[in-house]
Amino acid sequence: MTWTCEQTEARLSDYLDGLLDAAEWSAFNQHVNTCATCTPLVASVAHTLGGLYALEQIEPPPQLEPAILRATVGVVRTKRDFWAWLRSLQSPRFVYSAVSVAATIVLLLTATGFNWRKPKLADLAPATVYHRANGYVHVAYARSTKFVSDLRVVYEIQSRMNEADQNPAMREETIPQSSPKKEPGRTDNTNPSTPKQQNRANDASKRLEVLACEFPILSGSLVDRRVP
Amino acid sequence: MRRHTRRIFNICYRFTGNRTEAEDLTQDVFLRVYRTLASYRSAYGGFATWMTSVTRNLLIDHYRRTKRDRVTDSLDDAMPVVENKESVARRPDEQALLGELSGQVQSALTRLSPELREAVILRDLQQLEYIEIQRVLEVPEGTVKSRINRGRIELARILQQMGVRPA
């Protein structure tokens, strides 16, 4: 069987796909092995076919399928949508909000006396929550009232002490001091203008001595009465 | 659904060489299939073959619609043929994904005439039988074989021009 270059080009795909019969196969090979034009042609097409077969399937983008469903049958929730929605919950904004809400709920439940170690459904009953909250409010009010009144007392004491510090005369009246050693007939030079109880007592004893001189009969009883 | 989406997307991507266009065309295919589902007959050769036929028609429409833009682009691009492999380079991630030879083959595919391109894609990439390709392209079997053969030879010639030679 004679084989030409035109036949080689026309039957090249049949040769590569294995569709030639034995005689054609033999004639094809014989011609290609001796033809300087057909040898590189067959080699390059075989190489190209290898490259085509090596092309891998491209994965479509994940949003394509939901987009097709939206365009055809309307909005359809797929598993992929669900996971995408779940992933969107990982945003810091949502996490902060969720943590704040959870902390508020915990605080409120703790404030209403909810027992976290032994949780009971009855603890969440509105009446129970109201009674506990009412009790807590009253206790808190009483404590705050007591605290305010204590503060007032402390403030008053402090203000008095400040006044005493600023006014020394008042301090002498208010603050007890150890009295200096008194001697009859001598004046202490501390504050001569103010009368002293001791001075008055000294005057009385002097008068008693004068009376005793004038009336000797009374002297014994008066002296005894003066000195216990 | 996922299997059909993947298959149609791959046909569109290999034909256009552009991921975004392939995505839009895949969506258009499903939309047309959804609207013309009543016209489907099982005698046509199976649902997949019918979908492929719809895809092919849309791809040809798209090719004709964008032909003017491509002519303008080719006039603007005065680079020699051998250097065209650089100009048709896609996004870096796509290029890396395809690999060097795969990228070159894809690049050469987009430079084939649409008649030869669709025949090669259906036969060598989608592994369709001749009878299925005949139904999709609505041409006789001899024409299908001829187009596939010419498509392969033309593709090899383009690759040689791009500097790709068998080892």
# chains A, B, ... in the order shown; residues from 1 in each chain; ligands from 1
$ closest_atom_pairs --of "chain A" --to "chain B" --cutoff "9 Å" --atoms "only C-alpha atoms" --output "JSON lines"
{"residue": "A:Glu9", "atom": "CA", "partner": "B:Ile153", "partner_atom": "CA", "distance": 8.1}
{"residue": "A:Ala10", "atom": "CA", "partner": "B:Asn149", "partner_atom": "CA", "distance": 7.2}
{"residue": "A:Arg11", "atom": "CA", "partner": "B:Asn149", "partner_atom": "CA", "distance": 7.8}
{"residue": "A:Leu12", "atom": "CA", "partner": "B:Asn149", "partner_atom": "CA", "distance": 6.9}
{"residue": "A:Ser13", "atom": "CA", "partner": "B:Asn149", "partner_atom": "CA", "distance": 5.3}
{"residue": "A:Asp14", "atom": "CA", "partner": "B:Asn149", "partner_atom": "CA", "distance": 8.3}
{"residue": "A:Pro40", "atom": "CA", "partner": "B:Pro166", "partner_atom": "CA", "distance": 8.9}
{"residue": "A:Leu41", "atom": "CA", "partner": "B:Ile153", "partner_atom": "CA", "distance": 7.9}
{"residue": "A:Val42", "atom": "CA", "partner": "B:Ile153", "partner_atom": "CA", "distance": 8.8}
{"residue": "A:Ala43", "atom": "CA", "partner": "B:Pro166", "partner_atom": "CA", "distance": 6.8}
{"residue": "A:Ser44", "atom": "CA", "partner": "B:Ala156", "partner_atom": "CA", "distance": 5.7}
{"residue": "A:Val45", "atom": "CA", "partner": "B:Ala156", "partner_atom": "CA", "distance": 5.2}
{"residue": "A:Ala46", "atom": "CA", "partner": "B:Ala156", "partner_atom": "CA", "distance": 8.5}
{"residue": "A:His47", "atom": "CA", "partner": "B:Pro166", "partner_atom": "CA", "distance": 5.7}
{"residue": "A:Thr48", "atom": "CA", "partner": "B:Ala156", "partner_atom": "CA", "distance": 5.6}
{"residue": "A:Leu49", "atom": "CA", "partner": "B:Arg152", "partner_atom": "CA", "distance": 7.2}
{"residue": "A:Gly51", "atom": "CA", "partner": "B:Ser102", "partner_atom": "CA", "distance": 6.4}
{"residue": "A:Leu52", "atom": "CA", "partner": "B:Asp124", "partner_atom": "CA", "distance": 6.6}
{"residue": "A:Tyr53", "atom": "CA", "partner": "B:Leu125", "partner_atom": "CA", "distance": 6.6}
{"residue": "A:Ala54", "atom": "CA", "partner": "B:Ser102", "partner_atom": "CA", "distance": 7.1}
{"residue": "A:Leu55", "atom": "CA", "partner": "B:Ser102", "partner_atom": "CA", "distance": 5.7}
{"residue": "A:Glu56", "atom": "CA", "partner": "B:Leu98", "partner_atom": "CA", "distance": 7.7}
{"residue": "A:Gln57", "atom": "CA", "partner": "B:Asn10", "partner_atom": "CA", "distance": 6.5}
{"residue": "A:Ile58", "atom": "CA", "partner": "B:Asn10", "partner_atom": "CA", "distance": 6.1}
{"residue": "A:Glu59", "atom": "CA", "partner": "B:Arg6", "partner_atom": "CA", "distance": 6.5}
{"residue": "A:Pro60", "atom": "CA", "partner": "B:Arg6", "partner_atom": "CA", "distance": 5.9}
{"residue": "A:Pro61", "atom": "CA", "partner": "B:Glu23", "partner_atom": "CA", "distance": 7.9}
{"residue": "A:Leu64", "atom": "CA", "partner": "B:Glu23", "partner_atom": "CA", "distance": 6.9}
{"residue": "A:Glu65", "atom": "CA", "partner": "B:Thr5", "partner_atom": "CA", "distance": 7.1}
{"residue": "A:Ala67", "atom": "CA", "partner": "B:Gln27", "partner_atom": "CA", "distance": 7.5}
{"residue": "A:Ile68", "atom": "CA", "partner": "B:Gln27", "partner_atom": "CA", "distance": 5.5}
{"residue": "A:Leu69", "atom": "CA", "partner": "B:Phe30", "partner_atom": "CA", "distance": 8.9}
{"residue": "A:Ala71", "atom": "CA", "partner": "B:Leu31", "partner_atom": "CA", "distance": 6.9}
{"residue": "A:Thr72", "atom": "CA", "partner": "B:Leu31", "partner_atom": "CA", "distance": 5.9}
{"residue": "A:Val73", "atom": "CA", "partner": "B:Tyr34", "partner_atom": "CA", "distance": 8.6}
$ write_last_selection --atoms "C-alpha atoms" --output "CSV table (one decimal), in the first residue's frame"
chain,number,residue,atom,x,y,z
A,9,GLU,CA,-2.3,14.7,7.4
A,10,ALA,CA,-5.9,13.6,6.6
A,11,ARG,CA,-5.7,10.3,8.7
A,12,LEU,CA,-3.4,11.6,11.4
A,13,SER,CA,-6.2,11.7,14.1
A,14,ASP,CA,-7.3,8.2,13.1
A,40,PRO,CA,7.9,16.4,12.7
A,41,LEU,CA,4.2,16.9,11.9
A,42,VAL,CA,3.2,13.6,13.6
A,43,ALA,CA,5.6,14.3,16.6
A,44,SER,CA,4.2,17.8,17.1
A,45,VAL,CA,0.5,16.8,16.9
A,46,ALA,CA,1.2,13.8,19.3
A,47,HIS,CA,2.9,16.3,21.7
A,48,THR,CA,-0.1,18.7,21.4
A,49,LEU,CA,-2.5,15.9,22.1
A,51,GLY,CA,-0.7,18.6,26.3
A,52,LEU,CA,-4.5,18.6,25.7
A,53,TYR,CA,-5.0,15.4,27.7
A,54,ALA,CA,-2.8,16.9,30.5
A,55,LEU,CA,-5.1,19.9,30.9
A,56,GLU,CA,-6.9,19.5,34.2
A,57,GLN,CA,-10.5,20.3,35.0
A,58,ILE,CA,-10.8,23.8,36.4
A,59,GLU,CA,-12.9,24.1,39.6
A,60,PRO,CA,-15.7,26.7,39.1
A,61,PRO,CA,-15.8,29.5,41.7
A,64,LEU,CA,-21.2,30.3,40.8
A,65,GLU,CA,-23.6,27.6,41.9
A,67,ALA,CA,-25.7,32.5,41.7
A,68,ILE,CA,-27.2,30.1,39.2
A,69,LEU,CA,-29.8,28.9,41.7
A,71,ALA,CA,-31.0,33.3,38.8
A,72,THR,CA,-33.2,30.3,38.0
A,73,VAL,CA,-35.3,29.1,40.9
$ residues_around --residues "Ala133 of chain A" --least-positions-apart "2" --cutoff "12 Å" --atoms "only C-alpha atoms" --output "JSON, numbers by chain"
{"A": [108, 109, 110, 111, 112, 113, 114, 123, 124, 126, 127, 128, 129, 130, 131, 135, 136, 137, 138, 139, 140]}
$ write_last_selection --atoms "C-alpha atoms" --output "PDB file, in the first residue's frame"
ATOM      1  CA  LEU A 108     -28.639  40.079  85.792  1.00  0.00           C
ATOM      2  CA  LEU A 109     -29.141  36.434  86.722  1.00  0.00           C
ATOM      3  CA  THR A 110     -26.494  36.664  89.450  1.00  0.00           C
ATOM      4  CA  ALA A 111     -28.085  39.838  90.767  1.00  0.00           C
ATOM      5  CA  THR A 112     -31.460  38.156  90.946  1.00  0.00           C
ATOM      6  CA  GLY A 113     -29.969  35.318  93.004  1.00  0.00           C
ATOM      7  CA  PHE A 114     -29.716  32.639  90.365  1.00  0.00           C
ATOM      8  CA  ASP A 123     -35.261  30.322  89.940  1.00  0.00           C
ATOM      9  CA  LEU A 124     -36.174  31.832  86.612  1.00  0.00           C
ATOM     10  CA  PRO A 126     -40.912  35.871  87.206  1.00  0.00           C
ATOM     11  CA  ALA A 127     -42.372  35.950  90.765  1.00  0.00           C
ATOM     12  CA  THR A 128     -39.160  34.536  92.278  1.00  0.00           C
ATOM     13  CA  VAL A 129     -37.014  36.898  90.280  1.00  0.00           C
ATOM     14  CA  TYR A 130     -39.227  39.845  91.351  1.00  0.00           C
ATOM     15  CA  HIS A 131     -39.108  38.950  95.062  1.00  0.00           C
ATOM     16  CA  GLY A 135     -35.174  42.210  98.478  1.00  0.00           C
ATOM     17  CA  TYR A 136     -31.831  43.104  96.939  1.00  0.00           C
ATOM     18  CA  VAL A 137     -33.049  46.590  96.117  1.00  0.00           C
ATOM     19  CA  HIS A 138     -34.232  47.175  99.691  1.00  0.00           C
ATOM     20  CA  VAL A 139     -31.017  45.889 101.201  1.00  0.00           C
ATOM     21  CA  ALA A 140     -28.997  48.009  98.838  1.00  0.00           C
TER      22      ALA A 140
END
$ atom_distance --atom1 "atom CA of Gly46 of chain B" --atom2 "atom CA of Arg70 of chain A"
25.4 Å
$ residues_around --residues "Glu132 of chain B" --least-positions-apart "6" --cutoff "12 Å" --atoms "only C-alpha atoms" --output "JSON, numbers by chain"
{"B": [44, 45, 46, 47, 48, 49, 50, 51, 52, 53, 119, 122, 123, 126, 138, 139, 140, 141, 144]}
$ write_last_selection --atoms "C-alpha atoms" --output "PDB file, in the first residue's frame"
ATOM      1  CA  TYR B  44     -32.266  14.319  21.357  1.00  0.00           C
ATOM      2  CA  GLY B  45     -29.433  12.276  22.873  1.00  0.00           C
ATOM      3  CA  GLY B  46     -29.553  12.763  26.598  1.00  0.00           C
ATOM      4  CA  PHE B  47     -29.780  15.774  28.863  1.00  0.00           C
ATOM      5  CA  ALA B  48     -26.006  16.313  29.019  1.00  0.00           C
ATOM      6  CA  THR B  49     -25.738  16.384  25.217  1.00  0.00           C
ATOM      7  CA  TRP B  50     -28.638  18.839  25.045  1.00  0.00           C
ATOM      8  CA  MET B  51     -26.965  21.079  27.633  1.00  0.00           C
ATOM      9  CA  THR B  52     -23.703  20.900  25.700  1.00  0.00           C
ATOM     10  CA  SER B  53     -25.582  21.927  22.564  1.00  0.00           C
ATOM     11  CA  ALA B 119     -14.510  20.293  17.985  1.00  0.00           C
ATOM     12  CA  LEU B 122     -15.521  18.441  22.855  1.00  0.00           C
ATOM     13  CA  ARG B 123     -13.371  15.562  21.681  1.00  0.00           C
ATOM     14  CA  GLN B 126     -14.635  16.584  27.233  1.00  0.00           C
ATOM     15  CA  GLU B 138     -25.348  19.406  14.021  1.00  0.00           C
ATOM     16  CA  VAL B 139     -22.915  18.440  11.264  1.00  0.00           C
ATOM     17  CA  PRO B 140     -22.193  15.088   9.601  1.00  0.00           C
ATOM     18  CA  GLU B 141     -19.726  12.656  11.166  1.00  0.00           C
ATOM     19  CA  VAL B 144     -16.713  16.259  12.822  1.00  0.00           C
TER      20      VAL B 144
END
$ atom_distance --atom1 "atom CA of Thr16 of chain B" --atom2 "atom CA of Ala38 of chain B"
28.7 Å
